[in-house]
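Asks: Handing over query35.cif, mmCIF, C-alpha atoms.
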```
data_final
loop_
_atom_site.group_PDB
_atom_site.id
_atom_site.type_symbol
_atom_site.label_atom_id
_atom_site.label_comp_id
_atom_site.auth_asym_id
_atom_site.auth_seq_id
_atom_site.Cartn_x
_atom_site.Cartn_y
_atom_site.Cartn_z
ATOM 1 C CA MET A 43 -224.707 100.324 -164.743
ATOM 2 C CA ASN A 44 -221.238 101.106 -163.476
ATOM 3 C CA GLY A 45 -219.973 100.702 -159.950
ATOM 4 C CA GLU A 46 -220.668 104.244 -158.845
ATOM 5 C CA SER A 47 -224.300 104.083 -159.919
ATOM 6 C CA PHE A 48 -224.743 100.725 -158.217
ATOM 7 C CA LEU A 49 -223.262 101.966 -154.945
ATOM 8 C CA PHE A 50 -225.285 105.156 -155.191
ATOM 9 C CA THR A 51 -228.479 103.168 -155.687
ATOM 10 C CA VAL A 52 -227.761 100.941 -152.700
ATOM 11 C CA PHE A 53 -226.912 103.758 -150.314
ATOM 12 C CA ALA A 54 -229.657 106.063 -151.563
ATOM 13 C CA LEU A 55 -232.207 103.305 -150.979
ATOM 14 C CA ALA A 56 -230.776 102.675 -147.505
ATOM 15 C CA THR A 57 -230.934 106.384 -146.712
ATOM 16 C CA CYS A 58 -234.506 106.853 -147.900
ATOM 17 C CA LEU A 59 -235.870 103.644 -146.382
ATOM 18 C CA GLY A 60 -234.127 104.388 -143.089
ATOM 19 C CA ALA A 61 -235.704 107.839 -142.981
ATOM 20 C CA ILE A 62 -239.142 106.422 -143.792
ATOM 21 C CA ALA A 63 -238.700 103.774 -141.110
ATOM 22 C CA VAL A 64 -237.844 106.500 -138.592
ATOM 23 C CA VAL A 65 -241.213 108.084 -139.318
ATOM 24 C CA PHE A 66 -243.188 104.857 -138.955
ATOM 25 C CA SER A 67 -241.407 103.339 -135.956
ATOM 26 C CA GLN A 68 -243.181 103.549 -132.642
ATOM 27 C CA THR A 69 -240.498 102.993 -130.031
ATOM 28 C CA VAL A 70 -237.584 105.355 -129.528
ATOM 29 C CA VAL A 71 -234.997 102.595 -129.706
ATOM 30 C CA ARG A 72 -236.095 101.465 -133.162
ATOM 31 C CA MET A 73 -236.309 105.056 -134.348
ATOM 32 C CA ALA A 74 -232.737 105.633 -133.220
ATOM 33 C CA PHE A 75 -231.598 102.432 -134.933
ATOM 34 C CA TRP A 76 -233.153 103.429 -138.255
ATOM 35 C CA LEU A 77 -231.731 106.919 -137.843
ATOM 36 C CA VAL A 78 -228.253 105.423 -137.483
ATOM 37 C CA ILE A 79 -228.850 103.406 -140.679
ATOM 38 C CA SER A 80 -230.016 106.513 -142.535
ATOM 39 C CA LEU A 81 -227.206 108.774 -141.335
ATOM 40 C CA GLY A 82 -224.520 106.167 -141.984
ATOM 41 C CA SER A 83 -225.778 105.649 -145.529
ATOM 42 C CA THR A 84 -225.749 109.411 -145.980
ATOM 43 C CA ALA A 85 -222.079 109.381 -144.981
ATOM 44 C CA ALA A 86 -221.503 106.770 -147.685
ATOM 45 C CA LEU A 87 -223.260 109.081 -150.172
ATOM 46 C CA PHE A 88 -220.860 111.848 -149.130
ATOM 47 C CA PHE A 89 -217.913 109.562 -149.825
ATOM 48 C CA LEU A 90 -219.411 108.829 -153.259
ATOM 49 C CA ALA A 91 -219.704 112.566 -153.952
ATOM 50 C CA ASN A 92 -215.954 113.099 -153.429
ATOM 51 C CA ALA A 93 -216.526 114.725 -150.027
ATOM 52 C CA ASP A 94 -214.429 112.381 -147.950
ATOM 53 C CA PHE A 95 -213.763 114.757 -145.058
ATOM 54 C CA VAL A 96 -217.450 115.634 -144.765
ATOM 55 C CA GLY A 97 -218.309 111.946 -144.785
ATOM 56 C CA ALA A 98 -215.805 111.224 -142.022
ATOM 57 C CA ALA A 99 -217.146 114.147 -139.976
ATOM 58 C CA GLN A 100 -220.662 112.861 -140.548
ATOM 59 C CA LEU A 101 -219.702 109.455 -139.228
ATOM 60 C CA LEU A 102 -217.861 110.876 -136.217
ATOM 61 C CA ILE A 103 -220.182 113.658 -135.097
ATOM 62 C CA TYR A 104 -223.617 112.850 -136.448
ATOM 63 C CA VAL A 105 -223.734 109.104 -135.970
ATOM 64 C CA GLY A 106 -221.940 109.371 -132.622
ATOM 65 C CA GLY A 107 -224.323 112.091 -131.501
ATOM 66 C CA THR A 108 -227.231 109.971 -132.573
ATOM 67 C CA LEU A 109 -225.992 107.109 -130.446
ATOM 68 C CA VAL A 110 -225.944 109.513 -127.505
ATOM 69 C CA LEU A 111 -229.519 110.413 -128.428
ATOM 70 C CA LEU A 112 -230.417 106.722 -128.346
ATOM 71 C CA VAL A 113 -228.971 106.276 -124.866
ATOM 72 C CA PHE A 114 -230.737 109.340 -123.521
ATOM 73 C CA GLY A 115 -234.001 108.342 -125.165
ATOM 74 C CA VAL A 116 -233.916 104.898 -123.617
ATOM 75 C CA MET A 117 -233.017 106.409 -120.259
ATOM 76 C CA LEU A 118 -235.805 108.964 -120.360
ATOM 77 C CA THR A 119 -238.662 106.935 -121.719
ATOM 78 C CA ALA A 120 -238.249 103.648 -119.883
ATOM 79 C CA SER A 121 -241.549 103.418 -118.042
ATOM 80 C CA GLY A 122 -240.587 100.471 -115.915
ATOM 81 C CA PRO A 123 -238.001 97.784 -115.395
ATOM 82 C CA TYR A 124 -237.300 95.599 -118.388
ATOM 83 C CA LEU A 125 -239.352 92.474 -118.266
ATOM 84 C CA LYS A 126 -237.181 90.351 -120.522
ATOM 85 C CA ILE A 127 -233.571 91.183 -121.248
ATOM 86 C CA ALA A 128 -232.112 87.766 -122.036
ATOM 87 C CA THR A 129 -231.697 87.004 -125.725
ATOM 88 C CA SER A 130 -232.963 83.719 -127.083
ATOM 89 C CA PRO A 131 -230.463 81.060 -128.292
ATOM 90 C CA GLY A 132 -231.641 81.484 -131.876
ATOM 91 C CA GLU A 133 -230.725 85.166 -131.798
ATOM 92 C CA ILE A 134 -227.317 84.308 -130.363
ATOM 93 C CA VAL A 135 -226.697 81.818 -133.194
ATOM 94 C CA MET A 136 -227.891 84.349 -135.765
ATOM 95 C CA GLY A 137 -225.694 87.082 -134.328
ATOM 96 C CA SER A 138 -222.684 84.789 -134.280
ATOM 97 C CA CYS A 139 -223.220 83.882 -137.943
ATOM 98 C CA VAL A 140 -223.474 87.555 -138.887
ATOM 99 C CA GLY A 141 -220.350 88.358 -136.893
ATOM 100 C CA LEU A 142 -218.372 85.547 -138.522
ATOM 101 C CA LEU A 143 -219.474 86.675 -141.988
ATOM 102 C CA PHE A 144 -218.434 90.224 -141.143
ATOM 103 C CA LEU A 145 -215.033 88.993 -139.964
ATOM 104 C CA VAL A 146 -214.590 87.083 -143.235
ATOM 105 C CA VAL A 147 -215.507 90.169 -145.256
ATOM 106 C CA VAL A 148 -213.143 92.410 -143.297
ATOM 107 C CA TYR A 149 -210.268 89.946 -143.548
ATOM 108 C CA ALA A 150 -210.812 89.409 -147.268
ATOM 109 C CA SER A 151 -210.802 93.132 -147.914
ATOM 110 C CA LEU A 152 -207.673 93.517 -145.779
ATOM 111 C CA ASN A 153 -205.893 90.963 -147.939
ATOM 112 C CA GLY A 154 -207.173 92.544 -151.130
ATOM 113 C CA VAL A 155 -205.438 95.901 -150.591
ATOM 114 C CA ASP A 156 -201.919 96.763 -151.634
ATOM 115 C CA TRP A 157 -200.727 98.624 -148.551
ATOM 116 C CA ARG A 158 -197.268 99.665 -149.740
ATOM 117 C CA GLU A 159 -198.146 102.672 -151.877
ATOM 118 C CA PRO A 160 -201.811 103.365 -151.261
ATOM 119 C CA SER A 161 -202.055 106.694 -153.059
ATOM 120 C CA THR A 162 -200.388 105.568 -156.271
ATOM 121 C CA ALA A 163 -202.176 102.230 -156.229
ATOM 122 C CA VAL A 164 -205.530 103.936 -155.898
ATOM 123 C CA THR A 165 -204.706 106.379 -158.662
ATOM 124 C CA GLU A 166 -203.533 103.642 -160.997
ATOM 125 C CA SER A 167 -206.620 101.549 -160.338
ATOM 126 C CA GLY A 168 -208.599 104.081 -162.334
ATOM 127 C CA ASN A 169 -211.398 104.491 -159.818
ATOM 128 C CA PRO A 170 -212.339 108.155 -160.181
ATOM 129 C CA VAL A 171 -214.410 108.231 -157.009
ATOM 130 C CA VAL A 172 -211.550 107.209 -154.764
ATOM 131 C CA ALA A 173 -208.812 108.962 -156.677
ATOM 132 C CA THR A 174 -210.319 112.453 -156.643
ATOM 133 C CA GLY A 175 -211.791 112.534 -153.160
ATOM 134 C CA ASN A 176 -208.827 114.014 -151.337
ATOM 135 C CA THR A 177 -210.385 117.172 -149.943
ATOM 136 C CA LEU A 178 -208.842 117.295 -146.476
ATOM 137 C CA ARG A 179 -206.078 119.766 -147.285
ATOM 138 C CA PRO A 180 -208.218 122.260 -149.271
ATOM 139 C CA ILE A 181 -210.876 122.282 -146.532
ATOM 140 C CA GLY A 182 -208.270 122.866 -143.840
ATOM 141 C CA LEU A 183 -206.717 125.683 -145.840
ATOM 142 C CA SER A 184 -210.089 127.287 -146.429
ATOM 143 C CA PHE A 185 -210.736 127.228 -142.680
ATOM 144 C CA LEU A 186 -207.425 129.030 -142.243
ATOM 145 C CA GLY A 187 -208.437 131.739 -144.683
ATOM 146 C CA SER A 188 -206.773 130.803 -147.969
ATOM 147 C CA ARG A 189 -208.489 129.245 -150.931
ATOM 148 C CA PRO A 190 -206.281 127.027 -153.093
ATOM 149 C CA ASP A 191 -209.192 125.918 -155.268
ATOM 150 C CA GLN A 192 -210.361 129.342 -156.465
ATOM 151 C CA ASP A 193 -208.688 132.186 -158.265
ATOM 152 C CA LEU A 194 -209.576 135.161 -156.093
ATOM 153 C CA THR A 195 -207.615 137.621 -158.217
ATOM 154 C CA ALA A 196 -210.157 137.488 -161.021
ATOM 155 C CA ASP A 197 -212.140 140.578 -161.883
ATOM 156 C CA GLY A 198 -215.329 141.209 -159.997
ATOM 157 C CA GLU A 199 -214.470 138.795 -157.212
ATOM 158 C CA THR A 200 -216.029 140.240 -154.074
ATOM 159 C CA LEU A 201 -216.501 137.139 -151.965
ATOM 160 C CA THR A 202 -214.636 136.678 -148.722
ATOM 161 C CA PRO A 203 -211.634 134.493 -149.315
ATOM 162 C CA GLY A 204 -211.958 131.983 -146.520
ATOM 163 C CA TYR A 205 -213.805 130.748 -143.493
ATOM 164 C CA LEU A 206 -211.525 131.819 -140.666
ATOM 165 C CA LEU A 207 -214.096 134.042 -138.923
ATOM 166 C CA PRO A 208 -216.986 131.516 -139.109
ATOM 167 C CA PHE A 209 -214.605 128.854 -137.872
ATOM 168 C CA GLU A 210 -213.742 130.905 -134.788
ATOM 169 C CA ILE A 211 -217.410 131.796 -134.219
ATOM 170 C CA VAL A 212 -218.391 128.146 -134.379
ATOM 171 C CA SER A 213 -215.643 127.278 -131.904
ATOM 172 C CA VAL A 214 -216.888 129.801 -129.348
ATOM 173 C CA HIS A 215 -220.462 128.746 -130.103
ATOM 174 C CA LEU A 216 -219.654 125.131 -129.277
ATOM 175 C CA LEU A 217 -218.038 126.157 -125.993
ATOM 176 C CA VAL A 218 -221.072 128.258 -125.028
ATOM 177 C CA VAL A 219 -223.431 125.451 -126.019
ATOM 178 C CA LEU A 220 -221.614 122.866 -123.953
ATOM 179 C CA ILE A 221 -221.553 125.089 -120.875
ATOM 180 C CA GLY A 222 -225.232 125.932 -121.388
ATOM 181 C CA ALA A 223 -226.177 122.264 -121.802
ATOM 182 C CA ALA A 224 -224.333 121.345 -118.623
ATOM 183 C CA TYR A 225 -226.100 124.212 -116.823
ATOM 184 C CA LEU A 226 -229.547 123.246 -118.122
ATOM 185 C CA ALA A 227 -229.213 119.539 -117.428
ATOM 186 C CA ARG A 228 -227.790 119.729 -113.951
ATOM 187 C CA ALA A 229 -229.553 117.781 -111.249
ATOM 188 C CA LYS A 230 -232.249 119.721 -109.512
ATOM 189 C CA ARG A 231 -235.098 119.052 -107.147
ATOM 190 C CA ARG A 232 -237.636 116.857 -108.873
ATOM 191 C CA ALA A 233 -241.166 118.195 -108.698
ATOM 192 C CA VAL A 234 -242.981 114.974 -107.992
ATOM 193 C CA GLY A 235 -246.668 115.030 -108.721
ATOM 194 C CA SER A 236 -246.782 118.350 -110.530
ATOM 195 C CA GLY A 237 -246.945 116.799 -113.987
ATOM 196 C CA MET B 105 -230.675 105.192 -160.663
ATOM 197 C CA THR B 106 -227.567 106.954 -161.857
ATOM 198 C CA ALA B 107 -225.512 109.151 -159.572
ATOM 199 C CA ASP B 108 -226.234 112.608 -160.917
ATOM 200 C CA LEU B 109 -227.371 115.858 -159.371
ATOM 201 C CA ASN B 110 -231.080 115.131 -159.589
ATOM 202 C CA SER B 111 -230.707 111.793 -157.832
ATOM 203 C CA TYR B 112 -228.861 113.420 -154.943
ATOM 204 C CA LEU B 113 -231.499 116.137 -154.755
ATOM 205 C CA PHE B 114 -234.217 113.481 -154.680
ATOM 206 C CA VAL B 115 -232.521 111.750 -151.748
ATOM 207 C CA GLY B 116 -232.249 115.093 -149.975
ATOM 208 C CA ALA B 117 -235.927 115.783 -150.625
ATOM 209 C CA VAL B 118 -236.945 112.404 -149.206
ATOM 210 C CA LEU B 119 -234.860 113.052 -146.083
ATOM 211 C CA PHE B 120 -236.385 116.514 -145.696
ATOM 212 C CA VAL B 121 -239.969 115.305 -146.068
ATOM 213 C CA CYS B 122 -239.422 112.421 -143.651
ATOM 214 C CA GLY B 123 -237.934 114.842 -141.121
ATOM 215 C CA VAL B 124 -240.856 117.247 -141.434
ATOM 216 C CA VAL B 125 -243.408 114.438 -141.066
ATOM 217 C CA CYS B 126 -241.447 113.087 -138.100
ATOM 218 C CA MET B 127 -241.398 116.508 -136.423
ATOM 219 C CA ALA B 128 -245.125 116.989 -137.030
ATOM 220 C CA THR B 129 -246.420 113.587 -135.963
ATOM 221 C CA LYS B 130 -244.212 112.361 -133.133
ATOM 222 C CA ARG B 131 -245.403 113.087 -129.633
ATOM 223 C CA ASN B 132 -242.122 111.955 -128.131
ATOM 224 C CA GLY B 133 -239.655 114.800 -127.643
ATOM 225 C CA ILE B 134 -236.725 112.634 -128.683
ATOM 226 C CA GLY B 135 -238.629 111.755 -131.874
ATOM 227 C CA VAL B 136 -239.042 115.428 -132.719
ATOM 228 C CA LEU B 137 -235.293 115.823 -132.256
ATOM 229 C CA MET B 138 -234.667 112.979 -134.688
ATOM 230 C CA GLY B 139 -236.892 114.728 -137.222
ATOM 231 C CA VAL B 140 -234.753 117.853 -136.934
ATOM 232 C CA GLU B 141 -231.647 115.736 -137.511
ATOM 233 C CA LEU B 142 -233.200 114.270 -140.666
ATOM 234 C CA VAL B 143 -234.073 117.719 -142.029
ATOM 235 C CA LEU B 144 -230.537 119.027 -141.458
ATOM 236 C CA ASN B 145 -229.164 115.888 -143.053
ATOM 237 C CA GLY B 146 -231.241 116.442 -146.175
ATOM 238 C CA ALA B 147 -229.828 119.942 -146.436
ATOM 239 C CA ASN B 148 -226.337 118.469 -146.101
ATOM 240 C CA VAL B 149 -226.956 116.064 -148.965
ATOM 241 C CA ASN B 150 -227.990 118.994 -151.151
ATOM 242 C CA PHE B 151 -224.894 121.004 -150.210
ATOM 243 C CA VAL B 152 -222.522 118.150 -150.985
ATOM 244 C CA ALA B 153 -224.303 117.324 -154.236
ATOM 245 C CA PHE B 154 -224.078 120.914 -155.464
ATOM 246 C CA SER B 155 -220.437 120.970 -154.407
ATOM 247 C CA ARG B 156 -219.814 117.889 -156.546
ATOM 248 C CA TYR B 157 -221.853 118.569 -159.667
ATOM 249 C CA THR B 158 -221.816 122.339 -160.063
ATOM 250 C CA ASP B 159 -219.033 124.916 -159.961
ATOM 251 C CA LEU B 160 -219.805 125.715 -156.340
ATOM 252 C CA GLY B 161 -216.554 124.016 -155.443
ATOM 253 C CA LEU B 162 -215.447 123.581 -151.888
ATOM 254 C CA ASP B 163 -217.978 125.988 -150.395
ATOM 255 C CA GLY B 164 -220.718 123.383 -150.261
ATOM 256 C CA GLN B 165 -218.575 120.977 -148.291
ATOM 257 C CA VAL B 166 -217.522 123.688 -145.850
ATOM 258 C CA PHE B 167 -221.146 124.691 -145.343
ATOM 259 C CA SER B 168 -222.160 121.102 -144.699
ATOM 260 C CA LEU B 169 -219.394 120.909 -142.072
ATOM 261 C CA PHE B 170 -220.834 123.971 -140.356
ATOM 262 C CA VAL B 171 -224.304 122.393 -140.511
ATOM 263 C CA ILE B 172 -222.982 119.206 -138.894
ATOM 264 C CA VAL B 173 -221.316 121.138 -136.071
ATOM 265 C CA LEU B 174 -224.363 123.317 -135.402
ATOM 266 C CA ALA B 175 -226.615 120.244 -135.468
ATOM 267 C CA ALA B 176 -224.456 118.664 -132.783
ATOM 268 C CA ALA B 177 -224.773 121.826 -130.683
ATOM 269 C CA GLU B 178 -228.531 121.889 -131.243
ATOM 270 C CA ALA B 179 -228.840 118.243 -130.194
ATOM 271 C CA ALA B 180 -226.902 118.932 -126.978
ATOM 272 C CA ILE B 181 -229.104 121.886 -126.017
ATOM 273 C CA ALA B 182 -232.328 120.130 -126.979
ATOM 274 C CA LEU B 183 -231.390 117.062 -124.947
ATOM 275 C CA ALA B 184 -230.664 119.284 -121.958
ATOM 276 C CA ILE B 185 -234.085 120.904 -122.373
ATOM 277 C CA ALA B 186 -235.760 117.497 -122.687
ATOM 278 C CA LEU B 187 -233.996 116.288 -119.557
ATOM 279 C CA ASN B 188 -235.085 119.405 -117.681
ATOM 280 C CA PHE B 189 -238.649 118.959 -118.886
ATOM 281 C CA TYR B 190 -238.594 115.340 -117.768
ATOM 282 C CA ASN B 191 -237.354 116.416 -114.341
ATOM 283 C CA ASN B 192 -240.344 118.709 -113.970
ATOM 284 C CA TYR B 193 -243.139 116.712 -115.611
ATOM 285 C CA LEU B 194 -241.914 113.081 -115.448
ATOM 286 C CA THR B 195 -242.649 112.683 -119.160
ATOM 287 C CA ILE B 196 -241.261 113.892 -122.481
ATOM 288 C CA ASP B 197 -244.615 113.986 -124.249
ATOM 289 C CA VAL B 198 -244.508 117.285 -126.120
ATOM 290 C CA ASP B 199 -248.283 117.713 -125.824
ATOM 291 C CA ARG B 200 -247.859 118.076 -122.070
ATOM 292 C CA ALA B 201 -245.695 121.160 -122.552
ATOM 293 C CA ASN B 202 -248.642 123.536 -122.603
ATOM 294 C CA LYS B 203 -247.904 125.793 -119.675
ATOM 295 C CA LEU B 204 -247.091 128.736 -121.963
ATOM 296 C CA LYS B 205 -250.253 128.301 -124.022
ATOM 297 C CA GLY B 206 -252.263 131.502 -124.131
#
```
Show this structure as structure tokens.
Replies:
Amino acid sequence: MNGESFLFTVFALATCLGAIAVVFSQTVVRMAFWLVISLGSTAALFFLANADFVGAAQLLIYVGGTLVLLVFGVMLTASGPYLKIATSPGEIVMGSCVGLLFLVVVYASLNGVDWREPSTAVTESGNPVVATGNTLRPIGLSFLGSRPDQDLTADGETLTPGYLLPFEIVSVHLLVVLIGAAYLARAKRRAVGSG
Amino acid sequence: MTADLNSYLFVGAVLFVCGVVCMATKRNGIGVLMGVELVLNGANVNFVAFSRYTDLGLDGQVFSLFVIVLAAAEAAIALAIALNFYNNYLTIDVDRANKLKG
């Protein structure tokens, strides 16, 4: 089993088990936590599939949006003041140990990277997953209407060349959605007792 | 489990089924929203996998980007609706939203 298959197995298991745990969790907070696990592992799967820009967008938009969902869910469904907020000393010790281990891992990986020429070092390391995942420039060009990855002059090619029009439509759509969300969620008179 | 097309499709299928079950069984409105997110995420996994392992090329990745953006828009609108519903009914239990029932 090579490295790619091992990483794929780990992240696929995390994705599937996170999704299953979302179904079987009862409280909104735990559901949101497992959803973050599942979506983050899906971003890792995107990185493994050479889609590095999609993975980064997944992490930024999806996981960030899910955290907003978590906050709103807690705010909406809290049926009373929290009875017990203080964490026990054992949990503090456990969290500190996990944090220290994470710091060690991050520092070790920082020291293990040759920062001078990252692109050539990655290419020479022979890792095909990392070396071929540079899709930022082709995706940006396809949003601008040109396709560097396809030969559009071939015979019988009738597809539209790029994604400029959908890109603009999505931009306007996002603006409309944000204005509509702010309009829908504005503070109004609460109808007490009608529910 | 090797990283080939069928494995990615299996992961996408698991995400889709979990999302559908989540949408069907949760009574919490936020939980239904999370089910929708899982379903869209399964579709994204399929798009990226086909973009990697077939000659679909870059189109799959671009489509998954559109799906991500539209899912963010959908989450914003659905949260606004849930907040509005909570303002009127003081709950987000979806079974209480029966005023339009015929």
Asks: Per residue of range 121-152 of chain B within 7 Å of range 57-68 of chain A, note the shortest atom pair and the distance in Å to one decimal, counting all atoms listed in the file, and order the rows by chain and increasing residue number, as a Markdown table.
Replies:
```
| residue | atom | partner | partner_atom | distance |
| --- | --- | --- | --- | --- |
| B:Cys122 | CA | A:Ala61 | CA | 5.9 |
| B:Val125 | CA | A:Val65 | CA | 6.9 |
| B:Cys126 | CA | A:Val65 | CA | 5.2 |
```
Asks: Range 133-141 of chain B: which residues within 6 Å, counting only C-alpha atoms, same-chain residues fewer than 5 positions away excluded, as a ChimeraX atom specification?
Replies: /B:123,126-127,196,198
Asks: Save out the residues we just selected, C-alpha atoms, as a PDB file, in the coordinates of the input.
Replies:
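Full text of selection_39.pdb as output:
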```
ATOM      1  CA  GLY B 123    -237.934 114.842-141.121  1.00  0.00           C
ATOM      2  CA  CYS B 126    -241.447 113.087-138.100  1.00  0.00           C
ATOM      3  CA  MET B 127    -241.398 116.508-136.423  1.00  0.00           C
ATOM      4  CA  ILE B 196    -241.261 113.892-122.481  1.00  0.00           C
ATOM      5  CA  VAL B 198    -244.508 117.285-126.120  1.00  0.00           C
TER       6      VAL B 198
END
```
Asks: To one decimal place, how far is CA of Leu160 in chain B from CA of Ala56 in chain A in Å?
Replies: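 Atom-to-atom, CA of Leu160 in chain B to CA of Ala56 in chain A, that is 27.0 Å.
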Asks: Please identify every residue of chain A that has at least one atom no more than 7 Å from any atom of chain B, counting all atoms listed in the file, and report them as a PyMOL selection string.
Replies: chain A and resi 46-47+50-51+54+58+61-62+65+70+88+91-93+96+100+103-104+107+115+181+216+219+223+226-227+232-233+236-237
Asks: Which residue, A:Gly82, A:Gly154, A:Gly204, A:Gly222, has the smallest gap to Leu109 in chain A when you use only C-alpha atoms?
Replies: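 Checking each of A:Gly82, A:Gly154, A:Gly204, A:Gly222 against Leu109 in chain A, counting only C-alpha atoms, the winner is A:Gly82.
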Asks: Please evaluate the PyMOL selection byres ((chain A and resi 206) around 9) against the structure above and give the resulting residues as a PDB file with C-alpha atoms, in the frame of the given file.
Replies:
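Contents of out-v8.pdb, freshly written:
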```
ATOM      1  CA  SER A 184    -210.089 127.287-146.429  1.00  0.00           C
ATOM      2  CA  PHE A 185    -210.736 127.228-142.680  1.00  0.00           C
ATOM      3  CA  LEU A 186    -207.425 129.030-142.243  1.00  0.00           C
ATOM      4  CA  GLY A 187    -208.437 131.739-144.683  1.00  0.00           C
ATOM      5  CA  SER A 188    -206.773 130.803-147.969  1.00  0.00           C
ATOM      6  CA  GLY A 204    -211.958 131.983-146.520  1.00  0.00           C
ATOM      7  CA  TYR A 205    -213.805 130.748-143.493  1.00  0.00           C
ATOM      8  CA  LEU A 207    -214.096 134.042-138.923  1.00  0.00           C
ATOM      9  CA  PRO A 208    -216.986 131.516-139.109  1.00  0.00           C
ATOM     10  CA  PHE A 209    -214.605 128.854-137.872  1.00  0.00           C
ATOM     11  CA  GLU A 210    -213.742 130.905-134.788  1.00  0.00           C
ATOM     12  CA  ILE A 211    -217.410 131.796-134.219  1.00  0.00           C
TER      13      ILE A 211
END
```
Asks: Tell me, in Å to one decimal, how far CA of Asp199 in chain B is from CA of Val78 in chain A.
Replies: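 Atom-to-atom, CA of Asp199 in chain B and CA of Val78 in chain A are spaced 26.2 Å apart.
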